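To start, the structure under review is shown below, and the notes come after it.
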2 protein chains.
Amino acid sequence: MSVRFGVNHTPRAGWFHAWLDLDLDQIARDFENIASLGLDHIRIFPLWPLLQPNRTLIRPRALDDVRAVVDLAAQFELDVCVDALQGHLSSFDFVPSWLATWHRRNMFTDPEVVTSTATLVRALAERLVGAPNLIGVTVGNEINQFSDAVHPDPDRLEPEQARLWTEMMLASAQAALPGAMHTVANYDAAWFTDDHAFTPQQSAELGEATVVHSWVFDGTGQHYGGDSFETMHHGAYYLQLARAFGRPGRPVWLQEVGAPLNVLGEQDVERFIHETVRTSMQVPDLWGITWWCSHDVDRSLADFPELEYTLGLFSSEGVLKPAGAALRDAVAEARTSEARSSGEPVEADGERPDEVVACIGADPRPVRAQFAPGGAVFTEWMEKARGGVQPRIRISTDEPAQVGDPDYRSGLGGAATTMGQ
Amino acid sequence: MSVRFGVNHTPRAGWFHAWLDLDLDQIARDFENIASLGLDHIRIFPLWPLLQPNRTLIRPRALDDVRAVVDLAAQFELDVCVDALQGHLSSFDFVPSWLATWHRRNMFTDPEVVTSTATLVRALAERLVGAPNLIGVTVGNEINQFSDAVHPDPDRLEPEQARLWTEMMLASAQAALPGAMHTVANYDAAWFTDDHAFTPQQSAELGEATVVHSWVFDGTGQHYGGDSFETMHHGAYYLQLARAFGRPGRPVWLQEVGAPLNVLGEQDVERFIHETVRTSMQVPDLWGITWWCSHDVDRSLADFPELEYTLGLFSSEGVLKPAGAALRDAVAEARTSEARSSGEPVEADGERPDEVVACIGADPRPVRAQFAPGGAVFTEWMEKARGGVQPRIRISTDEPAQVGDPDYRSGLGGAATTMGQ
């Protein structure tokens, strides 16, 4: 199957607050922009407090709005992945009042909360039954960040609880939409932070594909530079890492990747886009690449981190940006190359000159600093990839090197997307 | 001018989430219920995150919705007070995402936040210009609770900051709607809690009337009993206290009072309503009584404190409850008595047999435990009122009795409406 290329849809009129005043004409203009780049899918983000303002009130109208947007996308030949729990978007948390302040309860472990959240996921999936252009439901948008120490007042939990929560959400989507490509979208703490309860194993075993969100402001861009080999291979490395944890042949999905100007120079953006697509295409079992994001946040909206105003392929006026043209061209080129090599894997398994062995031990929370930018696995992978072929990563249950061990090399500081997408 | 009688409108379909799917036919049914009781005004509560989802995005449609409800009320000959910042309602906080978690800033003191909040108040007031049935804008609904130690992660501030914040909000309403009766609605910590930054002086000096929210679950009902003299006189006492802090003749408004079943027996409710109206009517300068609330919260909605499901004058099916009939009759009776004594004050100032002197000293945060249920002022007032005439309260800047002093008597534990209205 051909690799899929898409974009995360950020409504250009009103950002995600557009759901409050859904205007399908405005959304159609966005989709027209997106389709003009030759992209084949989008990811959309309804807001949790609008879908479920009270724990036991799921608004039919909000579900209808989501379905209307999915159906509208079909008119532009765009398939759609629907994210079920926002949750978190571009530094803003959208936590329903029934989970906040006086009603603060653990989002992931409180039985009433988890049951009610699962009910929402199921209701949303039910409203999507029969949509021919539906890809599937993604659980949360980096909702694992609510469990992380970097979050203000986090909901702490154990790996087995994180796994159970994820399984419940996926089962709820599956119950209504069996066979669709439901996934879980964890941000990089799941891969790079040692004590994070959401783990690489969960990402690689639960759902129908292993999802990664690749952001080079995780230390890579800062440390190696916006035009470095490491920055250009960040997405590919991350996909290889994801692949290493999964069963052979399990799809990997670069579900978010963007060109953030806090670590890239303006002059780096187009090359970054071309190289990210080119290097990611070398990863076997790649399902697709979904760029972040379709439209710049309008500067009339306040309080976003600066980079969020500039991540779009289109400006907030709907004008194509050089980044958009670069992605359009990179995608066209990738499809041509893919067509030429049709019938053969881009890279045959077992024929690599070498591999990188990642020792994770038996602990359900593996030592993940080694995977983070600057960590031992990251560094060895980049060194070997400079030879021209991306090494495969092999997971070993041998104990990893520890602090004090000569082989120990930790990351540059671990996950850095504290206020990320 | 005659005393006004009204009710706080709690939409029976969907509670305040009704704003998400505003259905004027449903609201009209509510107003028809309300008007049938002979009431002349309502108080309404749009939700802050819907009016201002981004700090610099005030939704025209949300303002239009508020205006539509105000205009609809006119069809039922109901005047309207619009509360500008919810904020807080019946245990649920509605804090916009731009003020929460990653974007946590002090609601009352951060210059950008305060300026943007003032902008919302002004925009809301501007949308109400020309509404012949508008009473005015009330700042917040007990939004002072966000500053109190009982609140999870409170926004602490000093009395002068609280005053400045309140002045800014009132000036914003005033700028668009000069001459309307704008007020500030502080919950009882402002009156009963010693270290609370919102003070009785502010309540009694800012805005066009001094507002009190009288809830007998503040210790009064628990300690003295649901059928006690103290419970029946709670509203009157509180109005007298409010009056004591204001200039002579300043209106006092019992803006919230309800019959909570966590401290009242079912059998106490009707008498409580009659007595609350009767005893409050004895307070000079009473502007009005606004009952909480119009409709029970539907039990299909989860997580409310139990008492919230039962405070309505009408059931969640729109059926008149005994409480509604009692308020209708008490209001009719009060109007008749008022008509009979027309032209004369209910009670002439200076003719009281005695008064209660409340010493507050010079500190801008007076010792307020003495005002709380069980406190020295409360207790002395109730004792004297048993003689048949409500004593006036006189504020003295002499130093109050302190702990250890034989005259010291603190409250039963201070303000108790931690998850109140």
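By convention in this document, the chains of the structure tokens carry letters A, B, ... by their order, each chain's residues are numbered from 1, and ligands are numbered from 1 in the order they are shown.
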Each chain A residue no farther than 7 Å from chain B, nearest pair in Å, only C-alpha atoms, as JSON lines:
{"residue": "A:His17", "atom": "CA", "partner": "B:Pro53", "partner_atom": "CA", "distance": 6.8}
{"residue": "A:Pro53", "atom": "CA", "partner": "B:His17", "partner_atom": "CA", "distance": 6.8}
{"residue": "A:Asn54", "atom": "CA", "partner": "B:Leu301", "partner_atom": "CA", "distance": 6.5}
{"residue": "A:Arg55", "atom": "CA", "partner": "B:Ala302", "partner_atom": "CA", "distance": 6.0}
{"residue": "A:Thr56", "atom": "CA", "partner": "B:Leu301", "partner_atom": "CA", "distance": 5.6}
{"residue": "A:Leu57", "atom": "CA", "partner": "B:Leu301", "partner_atom": "CA", "distance": 6.5}
{"residue": "A:Ser91", "atom": "CA", "partner": "B:Trp102", "partner_atom": "CA", "distance": 6.6}
{"residue": "A:Phe92", "atom": "CA", "partner": "B:Ser97", "partner_atom": "CA", "distance": 5.8}
{"residue": "A:Asp93", "atom": "CA", "partner": "B:Ser97", "partner_atom": "CA", "distance": 5.8}
{"residue": "A:Phe94", "atom": "CA", "partner": "B:Ser97", "partner_atom": "CA", "distance": 6.0}
{"residue": "A:Ser97", "atom": "CA", "partner": "B:Asp93", "partner_atom": "CA", "distance": 5.8}
{"residue": "A:Trp98", "atom": "CA", "partner": "B:Phe92", "partner_atom": "CA", "distance": 6.7}
{"residue": "A:Thr101", "atom": "CA", "partner": "B:Pro152", "partner_atom": "CA", "distance": 5.7}
{"residue": "A:Trp102", "atom": "CA", "partner": "B:Ser91", "partner_atom": "CA", "distance": 6.6}
{"residue": "A:Pro152", "atom": "CA", "partner": "B:Thr101", "partner_atom": "CA", "distance": 5.7}
{"residue": "A:Ser300", "atom": "CA", "partner": "B:Thr56", "partner_atom": "CA", "distance": 6.8}
{"residue": "A:Leu301", "atom": "CA", "partner": "B:Thr56", "partner_atom": "CA", "distance": 5.6}
{"residue": "A:Ala302", "atom": "CA", "partner": "B:Thr56", "partner_atom": "CA", "distance": 5.7}
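Residues of segment 85-281 of chain A that DSSP, applied to the backbone, places in strand (DSSP E): A:His88, A:Leu89, A:Phe92, A:Asp93, A:Leu134, A:Ile135, A:Gly136, A:Val137, A:Thr138, A:Val139, A:Thr183, A:Val184, A:Thr210, A:Val211, A:Val212, A:His213, A:Ser214, A:Val252, A:Trp253, A:Leu254, A:Gln255, A:Glu256, A:Val257.
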Q) How many Å lie between atom CA of Ser36 of chain A and atom CA of Met181 of chain A, rounded to one decimal? A) 25.2 Å
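Atom CA of Asn262 of chain A lies 18.4 Å from atom CA of Phe314 of chain A.
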Please identify all polymer residues within 10 Å of segment 381-386 of chain B, counting only C-alpha atoms, omitting same-chain residues fewer than 3 positions from it, and present them as a JSON list (two decimals) with N, CA, C and O atoms, in the first residue's frame.
[["chain", "number", "residue", "atom", "x", "y", "z"],
["B", 229, "PHE", "N", -34.91, 30.20, 64.81],
["B", 229, "PHE", "CA", -35.04, 31.66, 64.65],
["B", 229, "PHE", "C", -33.88, 32.18, 63.79],
["B", 229, "PHE", "O", -34.08, 33.00, 62.90],
["B", 230, "GLU", "N", -32.67, 31.69, 64.09],
["B", 230, "GLU", "CA", -31.49, 32.17, 63.38],
["B", 230, "GLU", "C", -31.58, 31.86, 61.88],
["B", 230, "GLU", "O", -31.22, 32.68, 61.04],
["B", 233, "HIS", "N", -33.98, 34.12, 60.18],
["B", 233, "HIS", "CA", -33.53, 35.52, 60.15],
["B", 233, "HIS", "C", -32.17, 35.69, 59.48],
["B", 233, "HIS", "O", -31.60, 36.78, 59.54],
["B", 234, "HIS", "N", -31.66, 34.64, 58.87],
["B", 234, "HIS", "CA", -30.32, 34.72, 58.31],
["B", 234, "HIS", "C", -30.22, 35.79, 57.24],
["B", 234, "HIS", "O", -29.32, 36.64, 57.24],
["B", 237, "TYR", "N", -30.55, 39.33, 58.81],
["B", 237, "TYR", "CA", -29.32, 39.71, 59.51],
["B", 237, "TYR", "C", -28.24, 40.14, 58.53],
["B", 237, "TYR", "O", -27.57, 41.18, 58.70],
["B", 240, "GLN", "N", -28.91, 43.46, 57.10],
["B", 240, "GLN", "CA", -28.62, 44.51, 58.08],
["B", 240, "GLN", "C", -27.12, 44.74, 58.19],
["B", 240, "GLN", "O", -26.65, 45.89, 58.32],
["B", 241, "LEU", "N", -26.37, 43.66, 58.13],
["B", 241, "LEU", "CA", -24.91, 43.78, 58.17],
["B", 241, "LEU", "C", -24.41, 44.55, 56.94],
["B", 241, "LEU", "O", -23.56, 45.45, 57.04],
["B", 353, "PRO", "N", -35.11, 50.25, 69.40],
["B", 353, "PRO", "CA", -34.83, 50.20, 70.84],
["B", 353, "PRO", "C", -33.33, 50.09, 71.12],
["B", 353, "PRO", "O", -32.85, 50.53, 72.15],
["B", 354, "ASP", "N", -32.63, 49.50, 70.20],
["B", 354, "ASP", "CA", -31.21, 49.33, 70.46],
["B", 354, "ASP", "C", -30.47, 49.03, 69.16],
["B", 354, "ASP", "O", -31.09, 48.99, 68.09],
["B", 355, "GLU", "N", -29.21, 48.85, 69.28],
["B", 355, "GLU", "CA", -28.42, 48.53, 68.10],
["B", 355, "GLU", "C", -27.29, 47.60, 68.53],
["B", 355, "GLU", "O", -27.02, 47.44, 69.72],
["B", 356, "VAL", "N", -26.65, 47.02, 67.53],
["B", 356, "VAL", "CA", -25.49, 46.18, 67.79],
["B", 356, "VAL", "C", -24.28, 46.91, 67.24],
["B", 356, "VAL", "O", -24.30, 47.35, 66.08],
["B", 357, "VAL", "N", -23.28, 47.09, 68.08],
["B", 357, "VAL", "CA", -22.08, 47.78, 67.63],
["B", 357, "VAL", "C", -21.04, 46.75, 67.20],
["B", 357, "VAL", "O", -20.71, 45.84, 67.96],
["B", 371, "PHE", "N", -18.80, 38.42, 62.58],
["B", 371, "PHE", "CA", -20.04, 38.55, 61.81],
["B", 371, "PHE", "C", -20.64, 37.20, 61.44],
["B", 371, "PHE", "O", -21.82, 37.09, 61.10],
["B", 373, "PRO", "N", -21.97, 33.27, 61.42],
["B", 373, "PRO", "CA", -22.88, 32.56, 62.32],
["B", 373, "PRO", "C", -22.14, 32.09, 63.57],
["B", 373, "PRO", "O", -21.08, 31.48, 63.46],
["B", 374, "GLY", "N", -22.68, 32.41, 64.74],
["B", 374, "GLY", "CA", -22.03, 32.05, 66.00],
["B", 374, "GLY", "C", -21.06, 33.10, 66.49],
["B", 374, "GLY", "O", -20.63, 33.04, 67.65],
["B", 375, "GLY", "N", -20.70, 34.06, 65.65],
["B", 375, "GLY", "CA", -19.80, 35.14, 66.05],
["B", 375, "GLY", "C", -20.51, 36.14, 66.95],
["B", 375, "GLY", "O", -21.75, 36.12, 67.10],
["B", 376, "ALA", "N", -19.72, 37.03, 67.56],
["B", 376, "ALA", "CA", -20.27, 37.94, 68.57],
["B", 376, "ALA", "C", -21.38, 38.83, 68.01],
["B", 376, "ALA", "O", -22.43, 39.00, 68.64],
["B", 377, "VAL", "N", -21.17, 39.39, 66.84],
["B", 377, "VAL", "CA", -22.16, 40.31, 66.27],
["B", 377, "VAL", "C", -23.42, 39.55, 65.88],
["B", 377, "VAL", "O", -24.56, 39.97, 66.18],
["B", 378, "PHE", "N", -23.20, 38.41, 65.22],
["B", 378, "PHE", "CA", -24.34, 37.57, 64.82],
["B", 378, "PHE", "C", -25.18, 37.19, 66.04],
["B", 378, "PHE", "O", -26.40, 37.32, 66.05],
["B", 389, "VAL", "N", -37.97, 43.41, 67.33],
["B", 389, "VAL", "CA", -37.54, 44.40, 66.34],
["B", 389, "VAL", "C", -36.09, 44.12, 65.95],
["B", 389, "VAL", "O", -35.24, 43.88, 66.81],
["B", 390, "GLN", "N", -35.84, 44.10, 64.65],
["B", 390, "GLN", "CA", -34.48, 43.85, 64.20],
["B", 390, "GLN", "C", -33.57, 45.01, 64.60],
["B", 390, "GLN", "O", -33.83, 46.16, 64.21],
["B", 391, "PRO", "N", -32.51, 44.74, 65.35],
["B", 391, "PRO", "CA", -31.60, 45.85, 65.67],
["B", 391, "PRO", "C", -30.80, 46.28, 64.44],
["B", 391, "PRO", "O", -30.53, 45.48, 63.54],
["B", 392, "ARG", "N", -30.47, 47.54, 64.42],
["B", 392, "ARG", "CA", -29.54, 48.05, 63.42],
["B", 392, "ARG", "C", -28.13, 47.64, 63.85],
["B", 392, "ARG", "O", -27.85, 47.46, 65.04],
["B", 393, "ILE", "N", -27.24, 47.52, 62.89],
["B", 393, "ILE", "CA", -25.83, 47.27, 63.23],
["B", 393, "ILE", "C", -25.08, 48.56, 62.95],
["B", 393, "ILE", "O", -25.28, 49.21, 61.92]]
